[in-house]
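One file, query_17.csv, carrying CSV, C-alpha atoms:
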chain,number,residue,atom,x,y,z
A,212,MET,CA,39.9,-5.3,14.9
A,213,PRO,CA,39.7,-1.6,16.0
A,214,ARG,CA,36.3,-0.2,16.8
A,215,ILE,CA,34.3,1.0,13.8
A,216,ALA,CA,32.4,4.3,14.0
A,217,ILE,CA,28.6,3.9,13.5
A,218,PRO,CA,26.7,6.7,11.7
A,219,LEU,CA,24.5,8.5,14.2
A,220,LEU,CA,21.5,8.2,12.0
A,221,LEU,CA,21.6,4.4,12.1
A,222,LEU,CA,22.3,4.4,15.9
A,223,ALA,CA,19.0,6.3,16.2
A,224,PHE,CA,17.2,3.3,14.7
A,225,CYS,CA,19.1,0.7,16.7
A,226,VAL,CA,18.6,2.4,20.1
A,227,ALA,CA,15.6,4.8,20.1
A,228,GLY,CA,13.3,3.4,17.5
A,229,PRO,CA,10.5,5.1,15.5
A,230,THR,CA,6.9,5.6,16.3
A,231,VAL,CA,3.7,4.9,14.4
A,232,PRO,CA,1.5,7.8,13.1
A,233,MET,CA,-2.1,7.4,14.1
A,234,ALA,CA,-5.1,8.8,12.3
A,235,SER,CA,-5.9,10.8,15.4
A,236,GLY,CA,-2.6,12.6,15.2
A,237,ASN,CA,-1.1,10.9,18.2
A,238,ARG,CA,2.1,8.8,17.9
A,239,VAL,CA,2.5,5.4,19.5
A,240,PRO,CA,6.0,4.3,20.6
A,241,LEU,CA,6.9,0.8,19.5
A,242,PRO,CA,8.7,-2.0,21.4
A,243,ALA,CA,12.3,-2.7,20.7
A,244,THR,CA,12.1,-6.5,20.6
A,245,PHE,CA,12.3,-8.6,17.5
A,246,SER,CA,11.6,-12.2,16.4
A,247,ASP,CA,14.5,-14.3,15.2
A,248,SER,CA,12.0,-16.1,13.0
A,249,ASP,CA,11.4,-13.1,10.7
A,250,SER,CA,12.0,-13.7,7.0
A,251,GLY,CA,14.0,-11.4,4.7
A,252,PRO,CA,17.3,-9.6,5.3
A,253,GLU,CA,16.1,-7.1,7.8
A,254,PRO,CA,16.5,-9.3,10.9
A,255,GLN,CA,20.1,-10.1,9.8
A,256,LEU,CA,20.9,-6.5,9.1
A,257,PHE,CA,19.7,-5.5,12.5
A,258,GLY,CA,21.8,-8.3,14.1
A,259,ILE,CA,24.9,-7.2,12.2
A,260,LEU,CA,24.5,-3.6,13.4
A,261,LYS,CA,24.0,-4.7,17.0
A,262,GLU,CA,27.3,-6.7,16.7
A,263,ILE,CA,29.0,-3.5,15.4
A,264,GLU,CA,27.5,-1.4,18.2
A,265,ASN,CA,28.9,-3.9,20.7
A,266,ASN,CA,32.4,-3.9,19.0
A,267,ARG,CA,32.1,-7.5,18.0
A,268,LEU,CA,33.3,-6.9,14.5
A,269,ASP,CA,34.4,-10.5,13.7
A,270,LYS,CA,30.9,-11.7,14.6
A,271,ALA,CA,29.4,-8.9,12.5
A,272,LEU,CA,31.6,-10.0,9.5
A,273,GLU,CA,30.5,-13.6,10.0
A,274,LYS,CA,26.9,-12.6,10.0
A,275,THR,CA,27.4,-10.5,6.9
A,276,GLU,CA,29.0,-13.3,5.0
A,277,SER,CA,26.1,-15.6,6.0
A,278,LEU,CA,23.7,-12.9,4.7
A,279,LEU,CA,25.6,-12.8,1.4
A,280,ARG,CA,25.4,-16.6,1.0
A,281,GLN,CA,21.7,-16.2,1.2
A,282,TYR,CA,21.4,-13.1,-1.0
A,283,PRO,CA,24.5,-13.1,-3.3
A,284,ASN,CA,23.4,-9.9,-5.2
A,285,PHE,CA,22.6,-7.9,-2.1
A,286,ARG,CA,24.7,-4.8,-2.7
A,287,LEU,CA,24.0,-3.3,0.7
A,288,ALA,CA,25.5,-6.4,2.4
A,289,HIS,CA,28.5,-6.2,0.1
A,290,LEU,CA,29.1,-2.6,1.3
A,291,ILE,CA,28.8,-3.5,4.9
A,292,LYS,CA,31.3,-6.3,4.4
A,293,GLY,CA,33.7,-3.8,2.7
A,294,ASP,CA,33.3,-1.5,5.7
A,295,LEU,CA,34.1,-4.3,8.1
A,296,LEU,CA,37.2,-5.4,6.2
A,297,LEU,CA,38.4,-1.8,6.0
A,298,ALA,CA,37.9,-1.4,9.7
A,299,ARG,CA,40.7,-3.9,10.3
A,300,GLY,CA,43.2,-1.2,9.2
A,301,ALA,CA,41.6,2.0,10.7
A,302,PRO,CA,38.4,3.2,12.2
A,303,LEU,CA,35.7,4.3,9.7
A,304,SER,CA,34.1,7.7,10.0
A,305,THR,CA,30.9,6.9,8.1
A,306,PHE,CA,28.8,4.3,6.4
A,307,GLY,CA,30.4,3.3,3.1
A,308,ASP,CA,33.7,4.9,3.9
A,309,VAL,CA,35.4,3.8,0.6
A,310,LYS,CA,37.8,5.9,-1.3
A,311,ASN,CA,36.7,6.9,-4.8
A,312,ALA,CA,33.3,5.3,-4.3
A,313,PRO,CA,30.4,7.0,-6.2
A,314,ARG,CA,28.7,9.2,-3.6
A,315,GLU,CA,25.3,8.8,-5.3
A,316,SER,CA,25.6,5.0,-5.0
A,317,ILE,CA,26.6,5.2,-1.4
A,318,SER,CA,23.8,7.6,-0.6
A,319,ASP,CA,21.3,5.2,-2.3
A,320,LEU,CA,22.5,2.3,-0.1
A,321,ARG,CA,22.4,4.5,3.0
A,322,ASP,CA,18.8,5.4,2.2
A,323,GLU,CA,18.0,1.7,1.7
A,324,ILE,CA,19.4,0.5,5.1
A,325,VAL,CA,17.6,3.3,6.9
A,326,ALA,CA,14.3,2.4,5.2
A,327,ARG,CA,14.8,-1.3,5.9
A,328,LEU,CA,15.6,-0.9,9.6
A,329,ASP,CA,12.9,1.8,10.2
A,330,ALA,CA,10.2,-0.5,8.7
A,331,TYR,CA,11.6,-3.5,10.6
A,332,ARG,CA,11.1,-1.9,13.9
A,333,SER,CA,7.7,-0.6,12.9
A,334,ARG,CA,6.3,-4.1,12.1
A,335,GLN,CA,5.9,-4.8,15.8
A,336,ALA,CA,2.7,-2.6,15.7
A,337,MET,CA,1.1,-4.7,13.0
A,338,ALA,CA,-0.7,-7.0,15.4
A,339,ASP,CA,-2.4,-4.1,17.3
A,340,TYR,CA,-3.2,-1.6,14.6
A,341,VAL,CA,-4.6,-1.6,11.1
A,342,PRO,CA,-4.1,0.8,8.1
A,343,ARG,CA,-7.0,3.2,8.1
A,344,TYR,CA,-7.7,2.4,4.5
A,345,LEU,CA,-8.8,-1.2,4.9
A,346,LEU,CA,-12.3,-0.5,6.1
A,347,GLN,CA,-14.0,-3.6,4.7
A,348,MET,CA,-12.9,-6.5,2.5
A,349,PRO,CA,-15.6,-8.8,0.8
A,350,PRO,CA,-15.6,-12.5,1.8
A,351,ASP,CA,-14.2,-13.6,-1.5
A,352,GLN,CA,-11.2,-11.3,-1.3
A,353,LYS,CA,-8.3,-13.1,0.5
A,354,TYR,CA,-5.7,-10.4,0.8
A,355,ALA,CA,-5.1,-6.6,0.5
A,356,ILE,CA,-1.9,-4.7,-0.2
A,357,VAL,CA,-1.0,-1.3,1.4
A,358,VAL,CA,2.1,0.6,0.3
A,359,ASP,CA,3.9,3.2,2.5
A,360,MET,CA,6.0,5.3,0.2
A,361,ARG,CA,7.8,7.2,3.0
A,362,LYS,CA,9.0,3.9,4.5
A,363,ALA,CA,9.6,2.2,1.1
A,364,ARG,CA,7.4,-0.7,2.3
A,365,LEU,CA,4.7,-2.9,1.1
A,366,TYR,CA,2.4,-4.6,3.7
A,367,LEU,CA,0.2,-7.6,3.0
A,368,TYR,CA,-3.0,-8.2,5.0
A,369,ARG,CA,-5.2,-11.3,5.1
A,370,ASN,CA,-9.0,-11.0,5.2
A,371,ASP,CA,-9.9,-12.9,8.4
A,372,THR,CA,-13.5,-13.8,7.6
A,373,SER,CA,-13.8,-15.7,10.9
A,374,ALA,CA,-13.4,-12.4,12.7
A,375,GLY,CA,-15.8,-10.4,10.7
A,376,GLY,CA,-13.4,-9.4,8.0
A,377,ARG,CA,-10.7,-8.1,10.3
A,378,PRO,CA,-7.5,-7.4,8.4
A,379,ARG,CA,-4.6,-9.5,9.8
A,380,PHE,CA,-1.0,-8.6,9.1
A,381,VAL,CA,0.8,-11.3,7.2
A,382,ALA,CA,4.1,-9.9,5.8
A,383,ASP,CA,5.9,-6.8,4.7
A,384,TYR,CA,8.5,-6.2,2.0
A,385,TYR,CA,11.1,-3.6,1.1
A,386,LEU,CA,10.0,-1.7,-2.0
A,387,SER,CA,11.4,0.8,-4.5
A,388,HIS,CA,9.2,3.4,-6.0
A,389,GLY,CA,9.2,6.6,-8.2
A,390,LYS,CA,12.4,8.6,-8.5
A,391,LEU,CA,10.6,11.8,-7.8
A,392,GLY,CA,8.4,10.5,-5.0
A,393,ALA,CA,4.6,10.2,-4.7
A,394,ASP,CA,1.3,11.7,-6.1
A,395,LYS,CA,1.6,11.0,-9.8
A,396,THR,CA,-0.3,13.5,-12.0
A,397,ARG,CA,1.0,13.2,-15.5
A,398,GLU,CA,2.8,10.9,-18.0
A,399,GLY,CA,6.5,10.8,-17.5
A,400,ASP,CA,6.7,12.6,-14.1
A,401,LYS,CA,8.6,9.6,-12.5
A,402,LYS,CA,6.2,9.6,-9.6
A,403,THR,CA,4.1,6.8,-8.1
A,404,PRO,CA,0.4,7.4,-7.8
A,405,ILE,CA,-1.5,7.8,-4.5
A,406,GLY,CA,-4.9,6.1,-4.3
A,407,VAL,CA,-6.9,2.9,-4.3
A,408,TYR,CA,-6.2,0.5,-7.2
A,409,HIS,CA,-6.6,-3.1,-8.1
A,410,VAL,CA,-4.3,-5.7,-9.7
A,411,THR,CA,-5.6,-6.1,-13.3
A,412,SER,CA,-3.4,-8.8,-14.9
A,413,SER,CA,-0.3,-10.9,-14.6
A,414,LEU,CA,2.4,-10.5,-17.3
A,415,ASP,CA,4.5,-13.4,-18.4
A,416,PRO,CA,8.1,-12.7,-17.5
A,417,LYS,CA,9.3,-14.4,-20.6
A,418,LYS,CA,7.5,-11.8,-22.7
A,419,ILE,CA,8.4,-8.6,-20.8
A,420,GLY,CA,12.2,-9.1,-20.4
A,421,ASP,CA,14.7,-9.6,-17.6
A,422,PHE,CA,14.5,-5.9,-16.4
A,423,TYR,CA,11.1,-6.7,-14.7
A,424,GLY,CA,12.4,-9.8,-12.9
A,425,THR,CA,10.2,-12.8,-12.2
A,426,GLY,CA,6.9,-11.1,-13.1
A,427,ALA,CA,4.8,-8.0,-13.3
A,428,PHE,CA,1.3,-7.1,-12.1
A,429,PRO,CA,-0.3,-3.9,-13.6
A,430,ILE,CA,-2.7,-1.9,-11.6
A,431,ASN,CA,-5.6,0.2,-12.8
A,432,TYR,CA,-4.0,3.6,-12.8
A,433,PRO,CA,-5.5,6.0,-13.7
A,434,ASN,CA,-8.8,5.0,-11.9
A,435,GLU,CA,-12.1,6.9,-12.2
A,436,TRP,CA,-11.1,9.4,-9.6
A,437,ASP,CA,-7.7,10.1,-11.2
A,438,LYS,CA,-9.4,10.8,-14.5
A,439,ARG,CA,-11.8,13.3,-12.8
A,440,GLN,CA,-8.8,15.1,-11.3
A,441,GLY,CA,-7.1,15.3,-14.7
A,442,ARG,CA,-4.3,12.8,-13.9
A,443,ASN,CA,-2.9,10.8,-16.7
A,444,GLY,CA,-0.2,8.3,-17.5
A,445,HIS,CA,-0.1,4.5,-17.7
A,446,GLY,CA,2.0,1.4,-17.1
A,447,ILE,CA,2.2,1.4,-13.3
A,448,TRP,CA,3.2,-2.1,-12.2
A,449,LEU,CA,4.2,-4.2,-9.3
A,450,HIS,CA,7.3,-6.0,-10.6
A,451,GLY,CA,10.7,-7.6,-9.8
A,452,THR,CA,14.3,-6.8,-10.4
A,453,PRO,CA,16.8,-7.9,-13.1
A,454,SER,CA,18.5,-11.2,-12.4
A,455,ASP,CA,21.8,-9.6,-11.4
A,456,THR,CA,20.1,-7.2,-8.9
A,457,PHE,CA,18.7,-8.1,-5.5
A,458,ALA,CA,17.1,-4.7,-4.7
A,459,ARG,CA,17.0,-1.2,-6.0
A,460,PRO,CA,17.3,2.0,-4.0
A,461,PRO,CA,14.1,3.4,-2.3
A,462,LYS,CA,13.6,5.9,-5.1
A,463,ALA,CA,14.7,4.3,-8.4
A,464,SER,CA,11.7,3.6,-10.7
A,465,ASP,CA,9.8,5.7,-13.2
A,466,GLY,CA,6.7,5.2,-11.1
A,467,CYS,CA,6.3,1.4,-10.7
A,468,MET,CA,6.7,-0.4,-7.4
A,469,VAL,CA,9.7,-2.8,-7.5
A,470,LEU,CA,10.3,-5.7,-5.1
A,471,ALA,CA,13.1,-8.2,-4.9
A,472,ASN,CA,12.3,-11.2,-7.0
A,473,THR,CA,12.0,-13.5,-3.9
A,474,ASP,CA,9.5,-11.1,-2.3
A,475,LEU,CA,7.5,-10.7,-5.5
A,476,ASP,CA,7.3,-14.5,-5.9
A,477,ALA,CA,6.0,-14.8,-2.3
A,478,LEU,CA,3.5,-12.0,-2.8
A,479,ALA,CA,2.3,-13.3,-6.2
A,480,LYS,CA,0.9,-16.4,-4.5
A,481,ASN,CA,-1.6,-14.3,-2.7
A,482,LEU,CA,-2.8,-12.0,-5.6
A,483,GLN,CA,-6.2,-12.3,-7.1
A,484,ILE,CA,-6.4,-10.7,-10.6
A,485,GLY,CA,-9.1,-8.1,-10.7
A,486,LEU,CA,-9.8,-8.3,-7.0
A,487,THR,CA,-6.7,-7.7,-4.9
A,488,PRO,CA,-6.6,-4.0,-3.9
A,489,VAL,CA,-3.3,-2.1,-4.0
A,490,ILE,CA,-3.7,1.0,-1.7
A,491,ILE,CA,-0.7,3.4,-2.1
A,492,SER,CA,-0.1,6.0,0.6
A,493,ASN,CA,2.5,8.6,1.1
A,494,SER,CA,2.6,7.6,4.8
A,495,ILE,CA,0.2,5.1,6.4
A,496,GLU,CA,-2.3,6.3,9.0
A,497,TRP,CA,-3.0,3.6,11.6
A,498,LEU,CA,-6.2,2.9,13.6
A,499,SER,CA,-6.8,0.9,16.7
A,500,PHE,CA,-9.3,-1.9,16.0
A,501,ASP,CA,-12.0,0.0,18.0
A,502,ASP,CA,-11.6,3.1,15.9
A,503,TRP,CA,-11.5,0.9,12.7
A,504,ARG,CA,-14.8,-0.7,13.7
A,505,SER,CA,-16.3,2.7,14.4
A,506,GLU,CA,-15.3,4.2,11.0
A,507,ARG,CA,-16.5,1.1,9.2
A,508,ALA,CA,-19.9,1.2,11.0
A,509,VAL,CA,-20.5,4.8,10.0
A,510,LEU,CA,-19.9,4.0,6.3
A,511,ASN,CA,-22.0,0.9,6.3
A,512,LYS,CA,-24.9,2.8,7.9
A,513,LYS,CA,-24.8,5.4,5.1
A,514,ILE,CA,-24.7,2.8,2.4
A,515,GLU,CA,-27.7,1.0,4.0
A,516,GLU,CA,-29.6,4.3,4.2
A,517,TRP,CA,-28.9,4.9,0.5
A,518,ARG,CA,-30.1,1.4,-0.4
A,519,GLY,CA,-33.3,1.8,1.7
A,520,ASP,CA,-34.1,5.2,0.3
A,521,TRP,CA,-33.7,3.8,-3.2
A,522,GLU,CA,-36.3,1.1,-2.4
A,523,SER,CA,-38.6,3.7,-0.9
A,524,ARG,CA,-39.1,5.3,-4.4
A,525,ASP,CA,-38.9,8.7,-2.7
A,526,VAL,CA,-36.5,10.4,-5.3
A,527,ASN,CA,-35.8,13.4,-3.1
A,528,ARG,CA,-34.7,11.2,-0.2
A,529,TYR,CA,-32.6,9.1,-2.6
A,530,LEU,CA,-30.9,12.1,-4.2
A,531,LYS,CA,-29.8,13.5,-0.8
A,532,HIS,CA,-27.1,10.8,-0.9
A,533,TYR,CA,-25.4,12.3,-3.9
A,534,ALA,CA,-22.8,15.1,-3.7
A,535,ARG,CA,-23.2,18.4,-5.6
A,536,LYS,CA,-20.2,17.4,-7.7
A,537,PHE,CA,-21.6,13.9,-8.5
A,538,ALA,CA,-21.2,12.5,-12.0
A,539,THR,CA,-21.4,9.2,-13.7
A,540,ARG,CA,-19.3,8.5,-16.8
A,541,GLU,CA,-22.1,10.0,-18.9
A,542,GLN,CA,-24.2,12.3,-16.7
A,543,ASN,CA,-23.9,15.1,-14.2
A,544,LEU,CA,-26.1,15.4,-11.1
A,545,GLU,CA,-28.9,17.3,-12.8
A,546,GLN,CA,-29.1,14.8,-15.7
A,547,PHE,CA,-28.9,11.9,-13.3
A,548,ALA,CA,-31.7,13.3,-11.1
A,549,ALA,CA,-34.0,13.9,-14.1
A,550,GLN,CA,-33.5,10.3,-15.3
A,551,LYS,CA,-34.2,8.9,-11.8
A,552,ARG,CA,-37.5,10.8,-11.6
A,553,GLN,CA,-38.6,9.6,-15.0
A,554,VAL,CA,-37.7,6.0,-14.2
A,555,ASN,CA,-39.2,5.9,-10.8
A,556,SER,CA,-42.5,7.3,-12.1
A,557,ARG,CA,-43.1,3.9,-13.7
A,558,LYS,CA,-42.1,1.9,-10.6
A,559,GLU,CA,-44.7,0.1,-8.4
A,560,TRP,CA,-42.0,-1.4,-6.2
A,561,ILE,CA,-38.2,-1.7,-6.0
A,562,GLN,CA,-36.0,-4.2,-4.2
A,563,VAL,CA,-32.2,-3.7,-4.0
A,564,LYS,CA,-29.8,-6.2,-2.4
A,565,LEU,CA,-26.1,-5.6,-1.9
A,566,SER,CA,-23.5,-8.3,-1.4
A,567,ASN,CA,-19.7,-8.6,-1.3
A,568,VAL,CA,-19.3,-5.0,-0.2
A,569,SER,CA,-15.8,-3.6,0.0
A,570,MET,CA,-14.8,-0.2,1.4
A,571,PHE,CA,-11.3,1.2,1.0
A,572,ARG,CA,-10.4,4.7,2.2
A,573,ASP,CA,-8.3,6.7,-0.3
A,574,PRO,CA,-5.0,7.9,1.3
A,575,GLY,CA,-5.0,11.1,-0.8
A,576,LYS,CA,-5.9,14.6,0.3
A,577,ASP,CA,-9.6,14.2,-0.2
A,578,GLU,CA,-11.8,12.4,2.3
A,579,LEU,CA,-12.7,9.7,-0.1
A,580,VAL,CA,-13.9,6.1,0.1
A,581,VAL,CA,-14.0,3.6,-2.8
A,582,VAL,CA,-17.0,1.3,-2.3
A,583,THR,CA,-17.6,-1.8,-4.6
A,584,PHE,CA,-20.4,-4.3,-4.4
A,585,GLU,CA,-22.6,-6.8,-6.2
A,586,GLN,CA,-26.0,-5.2,-6.8
A,587,ASP,CA,-29.2,-7.3,-7.3
A,588,TYR,CA,-31.9,-4.9,-8.5
A,589,GLN,CA,-35.5,-6.0,-8.9
A,590,SER,CA,-38.7,-4.1,-9.7
A,591,ASN,CA,-42.1,-4.6,-11.3
A,592,ASN,CA,-40.6,-3.9,-14.8
A,593,LEU,CA,-36.9,-4.6,-14.6
A,594,ASN,CA,-34.5,-7.1,-13.0
A,595,ASN,CA,-30.7,-6.9,-13.3
A,596,ARG,CA,-27.5,-7.8,-11.5
A,597,MET,CA,-24.2,-5.9,-11.8
A,598,LYS,CA,-21.0,-5.1,-10.0
A,599,LYS,CA,-21.0,-1.5,-9.1
A,600,ARG,CA,-18.3,0.9,-7.9
A,601,GLN,CA,-19.0,4.2,-6.0
A,602,TYR,CA,-16.8,6.9,-4.7
A,603,TRP,CA,-18.1,8.4,-1.4
A,604,ILE,CA,-16.8,11.8,-0.3
A,605,ARG,CA,-17.4,14.2,2.7
A,606,ASP,CA,-19.9,16.8,1.6
A,607,ASP,CA,-21.6,19.2,4.0
A,608,GLY,CA,-20.2,17.1,6.9
A,609,THR,CA,-21.6,13.8,5.8
A,610,TRP,CA,-20.7,11.0,3.4
A,611,LYS,CA,-22.2,11.3,-0.1
A,612,ILE,CA,-21.7,9.6,-3.5
A,613,VAL,CA,-19.5,11.6,-5.9
A,614,PHE,CA,-19.2,9.0,-8.6
A,615,GLU,CA,-21.1,5.8,-9.5
A,616,GLY,CA,-20.6,3.3,-12.3
A,617,SER,CA,-20.0,-0.4,-13.2
A,618,ALA,CA,-16.9,-1.9,-11.8
Rewrite the coordinates I just gave you, this time as C-alpha cells.
Amino acid sequence: MPRIAIPLLLLAFCVAGPTVPMASGNRVPLPATFSDSDSGPEPQLFGILKEIENNRLDKALEKTESLLRQYPNFRLAHLIKGDLLLARGAPLSTFGDVKNAPRESISDLRDEIVARLDAYRSRQAMADYVPRYLLQMPPDQKYAIVVDMRKARLYLYRNDTSAGGRPRFVADYYLSHGKLGADKTREGDKKTPIGVYHVTSSLDPKKIGDFYGTGAFPINYPNEWDKRQGRNGHGIWLHGTPSDTFARPPKASDGCMVLANTDLDALAKNLQIGLTPVIISNSIEWLSFDDWRSERAVLNKKIEEWRGDWESRDVNRYLKHYARKFATREQNLEQFAAQKRQVNSRKEWIQVKLSNVSMFRDPGKDELVVVTFEQDYQSNNLNNRMKKRQYWIRDDGTWKIVFEGSA
C-alpha cells in the first residue's frame, strides 16, 4: 500500500497529547502511555492510528476489521476502513476522503474521533486528580457521575469509604450531548444543562421505544437553582442509541446525554435511583487530592458552625449563615428570620444532628455548592427527622446558605 496522509489535527493527539485544566488555572501535562487492557473502542482506535502513522497500513486494516467485528455498527470504524481501502489506489489527503460523501456526516465523524482520542489520553490523570465538584459523597452513595461537555465524556467515580470518601476513578465513556452545546436555559433550546443533578428514575426500554436504546434515566432538571434562575424545560435523560446505531456525533441530541448501549448497560449497574449525582460541566476543573481535602474541610467547617449556632438558640448568630438573597420555596430572608425568632422564643434547648452529608460543587458560573443531609432535630417541644438540601454560595467572601428545603 502507498502511504496514507494523516490529518494534522489527529497527529497532534497521537504525538503531543493534551493537558488537564486545573482549578488553579495551571495545566498539567499528561503521560503518553496507555494500557492494553482498557475497554471500549478508544484503545483500538489509538492503535490503528499508530499503525497508520508508522505506514503499516495492512496491520491498521487488520485492526480495524477486528474492531468492526466487536462493534458492527461503529460508523467511525467503517469510515477508517474505507480510507484504508482507498489508500491502496492513491494517497489520501484528509480523513474521510470519499467522493460525494456528505460533508456534514464526515465532519461529525471527525469530531467524534478527536473527542474519543483526546479523552483517552486524558484518562491517565484520573488516578492522581479528582473533579473539583465531588467534595463529599455520603457513605450510602456508591458512585457519582461527572460529565465533561467539551470532551464529550462521562466519568464514573466510586465512593471509597475505606479512604474517607475519596472519589476513585472507575471508568469513562464517550457521550453525545445537545446539538447547540451547554448551559440550557429554556424549553427547546437543544442544549444540555450545566449543574448538579440526580438520577430520578429508570424507564423501561420496552415502553419508550427503540430510539432510546436499552434504557433511559431521567435527571431532576430543572433543579431548585435552575428554577430560581428562570430556567425551564424538561425531559433531560441519560439514554442509549437505536439498535442500528453504535454511537452518535458529539453534538447530536436535543439536550439529553446519549451513550452507546453497551456503555449505558455497564453504567446502569452502578446507578442508585434518587441518589446517584450527575454533575454536568462545560469543562471539568481538576484538583489534586491535597487541594480537594482543603476545599472539603472549609465547607464542612462552615456547615458545623451553622449547626452549632442553631443549637445555641442565638438567632443573630444563626442568621449570619444565610445570604442576603436567601429564600426557601415559601419565604424570603426577612420572613424566614421572623419565623425563626418566633419559634426560638419558645425553645429551652435545641439539639441538631447531621448524617449522610453530601457536598457537590456546581460547575456553573456561580460559586455554588449543593449540600444534602439527613437532619435529626430535637427540642423541648418538637422532634423531627428529614432529608434536607441546601445551596451554599459565596457571599461577602464566605460561604452562606442561599436556599434551604426538603430533598
Can you list, as a compact mmCIF listing (two decimals) with C-alpha atoms, keeping the file's coordinate frame, every protein, DNA or RNA residue that comes within 8 Å of A:Val489 when you count all atoms listed in the file, leaving out same-chain residues fewer than 2 positions away?
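Listed below is the output, part16.txt:
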# COMPACT_ATOMS: atom_id res chain seq x y z
CA ALA A 355 -5.10 -6.60 0.50
CA ILE A 356 -1.90 -4.70 -0.20
CA VAL A 357 -1.00 -1.30 1.40
CA VAL A 358 2.10 0.60 0.30
CA VAL A 407 -6.90 2.90 -4.30
CA TYR A 408 -6.20 0.50 -7.20
CA HIS A 409 -6.60 -3.10 -8.10
CA VAL A 410 -4.30 -5.70 -9.70
CA ILE A 430 -2.70 -1.90 -11.60
CA THR A 487 -6.70 -7.70 -4.90
CA ILE A 491 -0.70 3.40 -2.10
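Taking atom CA of A:Trp603 as the reference point, atom CA of A:Arg504 is found at 17.9 Å.
Neighbours of A:Val563 closer than or equal to 12 Å, with all atoms listed in the file counted and sequence neighbours fewer than 5 positions away skipped, come out as Ile514, Glu515, Glu516, Trp517, Arg518, Gly519, Asp520, Trp521, Glu522, Ser523, Arg524, Phe584, Glu585, Gln586, Asp587, Tyr588, Gln589, Ser590, Leu593, Asn594, Asn595, Arg596 and Met597 of chain A.
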Filtering to C-alpha atoms, could you give me those residues as an mmCIF file, in the coordinates of the input?
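See part-v4.cif below for the written result:
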data_model
loop_
_atom_site.group_PDB
_atom_site.id
_atom_site.type_symbol
_atom_site.label_atom_id
_atom_site.label_comp_id
_atom_site.auth_asym_id
_atom_site.auth_seq_id
_atom_site.Cartn_x
_atom_site.Cartn_y
_atom_site.Cartn_z
ATOM 1 C CA ILE A 514 -24.700 2.800 2.400
ATOM 2 C CA GLU A 515 -27.700 1.000 4.000
ATOM 3 C CA GLU A 516 -29.600 4.300 4.200
ATOM 4 C CA TRP A 517 -28.900 4.900 0.500
ATOM 5 C CA ARG A 518 -30.100 1.400 -0.400
ATOM 6 C CA GLY A 519 -33.300 1.800 1.700
ATOM 7 C CA ASP A 520 -34.100 5.200 0.300
ATOM 8 C CA TRP A 521 -33.700 3.800 -3.200
ATOM 9 C CA GLU A 522 -36.300 1.100 -2.400
ATOM 10 C CA SER A 523 -38.600 3.700 -0.900
ATOM 11 C CA ARG A 524 -39.100 5.300 -4.400
ATOM 12 C CA PHE A 584 -20.400 -4.300 -4.400
ATOM 13 C CA GLU A 585 -22.600 -6.800 -6.200
ATOM 14 C CA GLN A 586 -26.000 -5.200 -6.800
ATOM 15 C CA ASP A 587 -29.200 -7.300 -7.300
ATOM 16 C CA TYR A 588 -31.900 -4.900 -8.500
ATOM 17 C CA GLN A 589 -35.500 -6.000 -8.900
ATOM 18 C CA SER A 590 -38.700 -4.100 -9.700
ATOM 19 C CA LEU A 593 -36.900 -4.600 -14.600
ATOM 20 C CA ASN A 594 -34.500 -7.100 -13.000
ATOM 21 C CA ASN A 595 -30.700 -6.900 -13.300
ATOM 22 C CA ARG A 596 -27.500 -7.800 -11.500
ATOM 23 C CA MET A 597 -24.200 -5.900 -11.800
#
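For the choices A:Pro488, A:Gly406, A:Gly444, A:Gly389, the atom-to-atom distance to A:Arg459 is smallest for A:Gly389 when using only C-alpha atoms.
Of note, atom CA of A:Asp501 and atom CA of A:Arg600 are spaced 26.7 Å apart.
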May I have the residues within 12 Å of A:Lys274 as an NGL selection string, using all atoms listed in the file and disregarding those fewer than 5 positions away in the same chain?
-> :A and (252 or 254-263 or 267-269 or 279-281 or 288-289 or 291-292 or 295)
